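Worksheet: one structure, shown below.
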Amino acid sequence: MAEKLATLSFTDGTPSVDFPVLPGTVGPDVIDIRPLYTKTKKFTYDPGFLSTASCSSKITYIDGDAGILMYRGYPIEQLAEHCDFLEVAYLILYGELPNQKQRDAFVKTVMSHTMVHEQLVRFYSGFRRDAHPMAVLCGVVGALSAFYHDALNINDPRHREVSAFRLIAKLPTITAMCYKYNLGQPFMYPRNSLSYVENFLYMMFGTPCDDWKPNLILTRALDRILILHADHEQNASTSTVRTAGSSGANPFACIASGIASLWGPAHGGANEAVLKMLEEIGGVDHIGQYIKRVKDKNDATVLYGFGHRVYKNYDPRAKLIQKTCYEVLDELDLRDDKVFKLAMALEKIALEDEYFVSRKLYPNVDFYSGIVYKALGIPTGMFTALFAVARTVGWIAQWTEMIGDPDQKISRPRQLYMGQGKREFVPMGKRK
C-alpha cells in the first residue's frame with residue numbers, strides 16, 4: 001500500500017510540503033508534522049493541544065462522539081461489570097487480563113507493599129490539621145523517593161515495576177492517612193487479609209475501638225469508581241506525568257506532578273465542585289433559579305458535573321456509576337436526604353430540559369461519584385484524593401510506556417511569540 005500523505009500549501013510563496021499520515025488501530029489518523037519546522041521554519045498553533053497527538057499509546061482509547069472508553073481494547077462496561085480494580089490494574093500495566101495464577105501473584109505482590117516507612121508518618125505533623133488533603137498528598141508522594149531510592153533507575157525495567165507496585169499499593173495508605181490526620185484520629189495500618197478496596201475503606205473508616213466489617217455493596221461501589229477512573233488517555237494530569245517523566249524525573253516525582261495537576265477544579269476537582277454547587281443551590285425549590293442563572297450568557301454560573309471536554313455524547317462511565325449511585329443510596333437509606341433529593345432532581349431536569357439536551361450536557365462521572373463519596377461519609381476535600389488513588393495506575397502505566405518509547409523526546413512545546421521585538425536598553429536616568 002502506498003504511503004498516505006497530507007500536503008501543506010502556502011500563499012506566501014513557500015513551497016508545498018508533504019507529511020506522512022499515520023493510521024491508528026482505531027480512531028483518527030495522525031499527520032506526522034515532526035519535520036514541519038525543519039522544512040518550513042514554521043510551527044503549528046494549537047492551544048490546549050485540541051488537535052495534537054503528543055505521543056503514541058496502546059493503553060486507552062476514547063471516542064468522545066460515540067461515548068466509547070476502552071482499556072487495552074476492552075470496553076469499560078465489560079471491565080466494570082466483571083472485574084475488580086486490581087484485575088483492571090494488571091490489564092492496564094501489562095496489556096492483557098491475568099489468568100488466575102497471574103492475578104493471585106499480582107494481588108499478593110501489591111498487598112505486600114501497602115505499608116509505608118514509619119518515618120514517613122512523621123511528615124503529616126508538619127502540615128496544619130486543616131490543610132487540603134491534596135496539598136498533603138502532593139508532599140508525601142513526592143517524598144517517597146527519599147525512602148524508596150533502591151529502585152529509581154528508570155532505565156531498569158525491574159526498577160520501574162517495583163516502583164509501580166509501591167505506588168499502587170501505598171497511595172490508599174497515604175490517602176487514608178491524610179483523612180485521619182485531618183480528623184485527628186489515629187492512623188489505621190493496612191490489613192492485608194482484606195481486599196485492596198476493603199483495606200482502603202478500613203484505613204479510612206476503621207478505628208482502634210471498633211471492630212470494622214466490610215459492606216459488600218459499598219466496597220463494590222468504590223471498586224467500580226476506581227475502575228472507571230483508572231485511566232483516561234492523554235488528559236491534563238496524565239500529560240503532566242509524561243512531561244515530567246520526559247526529563248528523566250523519578251516516578252514518585254512524576255506521580256506527585258500528576259496529583260498537582262489533578263487538583264484543578266476543571267479536572268479531578270470537578271466532583272468536589274459538584275457538592276459545593278449543591279450546597280450553593282440549597283434545596284429543590286431553588287433549582288429553577290439556579291438553572292436560570294446557568295442559561296444566562298451574562299452570568300458566570302456553572303453547572304458542575306454535566307457535560308465533558310471529550311465526550312460529546314453521554315459519558316459511558318456515568319451510565320455505569322449511576323446504577324451504583326442508586327444502590328449506595330438505597331443501602332444507606334439516603335434517598336430522602338436533602339442533598340441527595342436535590343441531586344436527583346437536578347439530574348432529572350438536565351436529562352429533560354431542551355437547553356441541556358440539545359447541548360448534550362448530560363450528567364458525567366463526576367456528578368455521580370461526588371454523590372457516592374458524600375453518601376459514604378467522605379468529606380468533599382477528600383474527593384480528588386480518591387481520584388488520585390484510582391488514576392495512579394494509569395499514570396504509572398503511561399509513564400512506563402513513555403520511558404520505553406524510542407520516539408519520546410523531552411517535552412518542549414513551542415509558542416507563538418506576540419511580545420516586543422528587539423529593542424535597545426535604556427539607562428535609568430533616560431527612562432520616561
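Scheme for the C-alpha cells: letters A, B, ... for chains in order shown; per-chain residue numbers from 1; ligand numbers from 1 in order shown.
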Using DSSP on the backbone coordinates, identify the residues of segment 275-406 of chain A assigned to helix (DSSP H, G or I); present them as a PyMOL selection string.
chain A and resi 275-281+284-295+316-331+338-352+354-358+365-375+380-403
With a distance cut-off of 7 Å and only C-alpha atoms, select the neighbouring residues of segment 223-234 of chain A, excluding the residue or stretch itself and same-chain residues fewer than 6 positions from it, and output the selection as an NGL selection string.
:A and (60-61 or 80 or 84-85 or 88 or 197 or 317 or 369 or 387 or 390-391 or 393-394)
Counting only C-alpha atoms, what is within 9 Å of segment 333-345 of chain A, bar same-chain residues fewer than 5 positions away, as number ranges by chain?
A: 275, 278-279, 281-285, 287, 326, 328, 350, 367, 371, 375
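Excluding segment 244-254 of chain A itself and same-chain residues fewer than 5 positions from it, the residues having an atom within 6 Å of it are Gly142, Ser145 and Ile410 of chain A, counting only C-alpha atoms.
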Find the residues around Asn235 of chain A up to 12 Å (only C-alpha atoms counted), leave out those fewer than 5 positions away in its own chain, and share them as a ChimeraX atom specification.
/A:48-50,53-54,60-62,229,240-243,258,261-262,266-268,308-310,391,394-395,398
In terms of the shortest atom-to-atom distance over only C-alpha atoms, which of A:Ile168, A:Ile33, A:Met382, A:Gly377 is closest to Phe106 of chain A?
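So, comparing all the options, the nearest one is A:Ile168.
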Cys55 of chain A surroundings by only C-alpha atoms, 10 Å radius, close-in-sequence under 4 positions cut, as a PDB file with N, CA, C and O atoms, in the first residue's frame:
ATOM      1  N   GLN A 234      -4.863  10.922  27.244  1.00  0.00           N
ATOM      2  CA  GLN A 234      -3.875  11.981  27.500  1.00  0.00           C
ATOM      3  C   GLN A 234      -4.530  13.233  28.088  1.00  0.00           C
ATOM      4  O   GLN A 234      -4.458  14.327  27.547  1.00  0.00           O
ATOM      5  N   SER A 239      -0.840  13.938  30.937  1.00  0.00           N
ATOM      6  CA  SER A 239       0.134  14.677  30.136  1.00  0.00           C
ATOM      7  C   SER A 239       1.207  15.302  31.028  1.00  0.00           C
ATOM      8  O   SER A 239       2.378  15.381  30.648  1.00  0.00           O
ATOM      9  N   ARG A 242       3.630  12.551  31.964  1.00  0.00           N
ATOM     10  CA  ARG A 242       4.515  12.261  30.834  1.00  0.00           C
ATOM     11  C   ARG A 242       5.536  13.392  30.635  1.00  0.00           C
ATOM     12  O   ARG A 242       6.700  13.139  30.334  1.00  0.00           O
ATOM     13  N   MET A 402       5.951   5.559  28.169  1.00  0.00           N
ATOM     14  CA  MET A 402       6.736   6.672  27.648  1.00  0.00           C
ATOM     15  C   MET A 402       8.238   6.385  27.721  1.00  0.00           C
ATOM     16  O   MET A 402       8.978   6.654  26.772  1.00  0.00           O
ATOM     17  N   ASP A 405       9.388   4.234  24.905  1.00  0.00           N
ATOM     18  CA  ASP A 405       9.067   4.683  23.554  1.00  0.00           C
ATOM     19  C   ASP A 405      10.310   5.299  22.904  1.00  0.00           C
ATOM     20  O   ASP A 405      10.802   6.340  23.346  1.00  0.00           O
ATOM     21  N   ASP A 407      10.600   6.969  20.288  1.00  0.00           N
ATOM     22  CA  ASP A 407      10.324   8.273  19.687  1.00  0.00           C
ATOM     23  C   ASP A 407      10.192   9.388  20.721  1.00  0.00           C
ATOM     24  O   ASP A 407      10.080  10.565  20.356  1.00  0.00           O
ATOM     25  N   GLN A 408      10.170   9.029  22.001  1.00  0.00           N
ATOM     26  CA  GLN A 408       9.935  10.023  23.028  1.00  0.00           C
ATOM     27  C   GLN A 408      11.111  10.987  23.170  1.00  0.00           C
ATOM     28  O   GLN A 408      12.270  10.578  23.220  1.00  0.00           O
ATOM     29  N   LYS A 409      10.807  12.263  23.220  1.00  0.00           N
ATOM     30  CA  LYS A 409      11.797  13.305  23.466  1.00  0.00           C
ATOM     31  C   LYS A 409      11.367  14.079  24.705  1.00  0.00           C
ATOM     32  O   LYS A 409      10.208  13.999  25.115  1.00  0.00           O
TER      33      LYS A 409
END
In Å, rounded to a single decimal, give me how far atom CA of Val162 of chain A is from atom CA of His149 of chain A.
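Atom CA of Val162 of chain A lies 11.0 Å from atom CA of His149 of chain A.
Proximity of A:Tyr71, A:Tyr37, A:Tyr196, A:Phe43 to Leu416 of chain A, computed with only C-alpha atoms, is greatest for A:Phe43.
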My list of candidates is A:Thr400, A:Gly429, A:Pro265, A:Ser16. Which is closest to Asp156 of chain A when distances are computed with only C-alpha atoms?
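Of all the options, A:Thr400 lies closest to Asp156 of chain A.
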Which is closest to Asn153 of chain A among A:Tyr179, A:Ala236, A:Arg191, A:Ile403, if we use only C-alpha atoms?
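Of the candidates, the smallest distance to Asn153 of chain A is held by A:Ile403.
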How close does segment 217-266 of chain A get to segment 124-141 of chain A? List, as a Markdown table, each residue of segment 217-266 of chain A within 7 Å, its nearest atom pair and the distance in Å to one decimal, counting only C-alpha atoms.
| residue | atom | partner | partner_atom | distance |
| --- | --- | --- | --- | --- |
| A:Phe252 | CA | A:Val141 | CA | 6.2 |
| A:Ala256 | CA | A:Cys138 | CA | 5.2 |
| A:Ile259 | CA | A:Cys138 | CA | 6.1 |
| A:Ala260 | CA | A:Cys138 | CA | 6.3 |
| A:Trp263 | CA | A:Met134 | CA | 6.7 |
Selection file, N, CA, C and O atoms, as a PDB file, in the first residue's frame:
ATOM      1  N   PHE A 252       8.160   8.754  41.490  1.00  0.00           N
ATOM      2  CA  PHE A 252       7.415   9.359  42.594  1.00  0.00           C
ATOM      3  C   PHE A 252       7.214  10.851  42.333  1.00  0.00           C
ATOM      4  O   PHE A 252       6.140  11.402  42.591  1.00  0.00           O
ATOM      5  N   ALA A 256       3.614  12.707  41.729  1.00  0.00           N
ATOM      6  CA  ALA A 256       3.293  13.899  42.518  1.00  0.00           C
ATOM      7  C   ALA A 256       2.888  15.052  41.597  1.00  0.00           C
ATOM      8  O   ALA A 256       1.981  15.830  41.918  1.00  0.00           O
ATOM      9  N   ILE A 259      -0.635  14.470  40.529  1.00  0.00           N
ATOM     10  CA  ILE A 259      -1.562  14.804  41.617  1.00  0.00           C
ATOM     11  C   ILE A 259      -1.805  16.309  41.655  1.00  0.00           C
ATOM     12  O   ILE A 259      -2.940  16.765  41.818  1.00  0.00           O
ATOM     13  N   ALA A 260      -0.742  17.093  41.490  1.00  0.00           N
ATOM     14  CA  ALA A 260      -0.880  18.542  41.483  1.00  0.00           C
ATOM     15  C   ALA A 260      -1.784  19.000  40.343  1.00  0.00           C
ATOM     16  O   ALA A 260      -2.647  19.868  40.517  1.00  0.00           O
ATOM     17  N   TRP A 263      -5.526  18.280  40.845  1.00  0.00           N
ATOM     18  CA  TRP A 263      -6.166  19.093  41.874  1.00  0.00           C
ATOM     19  C   TRP A 263      -7.101  20.149  41.292  1.00  0.00           C
ATOM     20  O   TRP A 263      -8.049  20.600  41.930  1.00  0.00           O
TER      21      TRP A 263
END
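Counting only C-alpha atoms, the residue from A:Gly13, A:Val26, A:Ile31, A:Leu152 that sits nearest to Met70 of chain A is A:Val26.
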Pick from A:Gln119, A:Tyr94, A:Gly288, A:Pro20 nearest to Pro35 of chain A, counting only C-alpha atoms
A:Pro20
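Note that the spacing between atom CA of Lys108 of chain A and atom CA of Pro157 of chain A amounts to 19.8 Å.
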Can you list, as a list in words, every protein, DNA or RNA residue that comes within 10 Å of Gly404 of chain A when you count only C-alpha atoms, leaving out same-chain residues fewer than 5 positions away?
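Neighbouring residues, sequence-local ones excluded: Ile154, Asn155, Pro157 and Trp399 of chain A.
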Writer output for current selection, N, CA and C atoms, as a compact mmCIF listing (two decimals), in the first residue's frame:
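Written output follows (result05.txt):
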# COMPACT_ATOMS: atom_id res chain seq x y z
N ILE A 154 15.33 4.55 36.20
CA ILE A 154 14.18 4.48 35.31
C ILE A 154 14.45 3.67 34.05
N ASN A 155 15.72 3.38 33.76
CA ASN A 155 16.06 2.59 32.59
C ASN A 155 16.10 1.10 32.87
N PRO A 157 13.90 -2.05 33.76
CA PRO A 157 12.50 -2.47 33.77
C PRO A 157 12.05 -2.99 35.13
N TRP A 399 3.52 6.42 32.17
CA TRP A 399 4.92 6.78 32.40
C TRP A 399 5.85 5.65 31.91
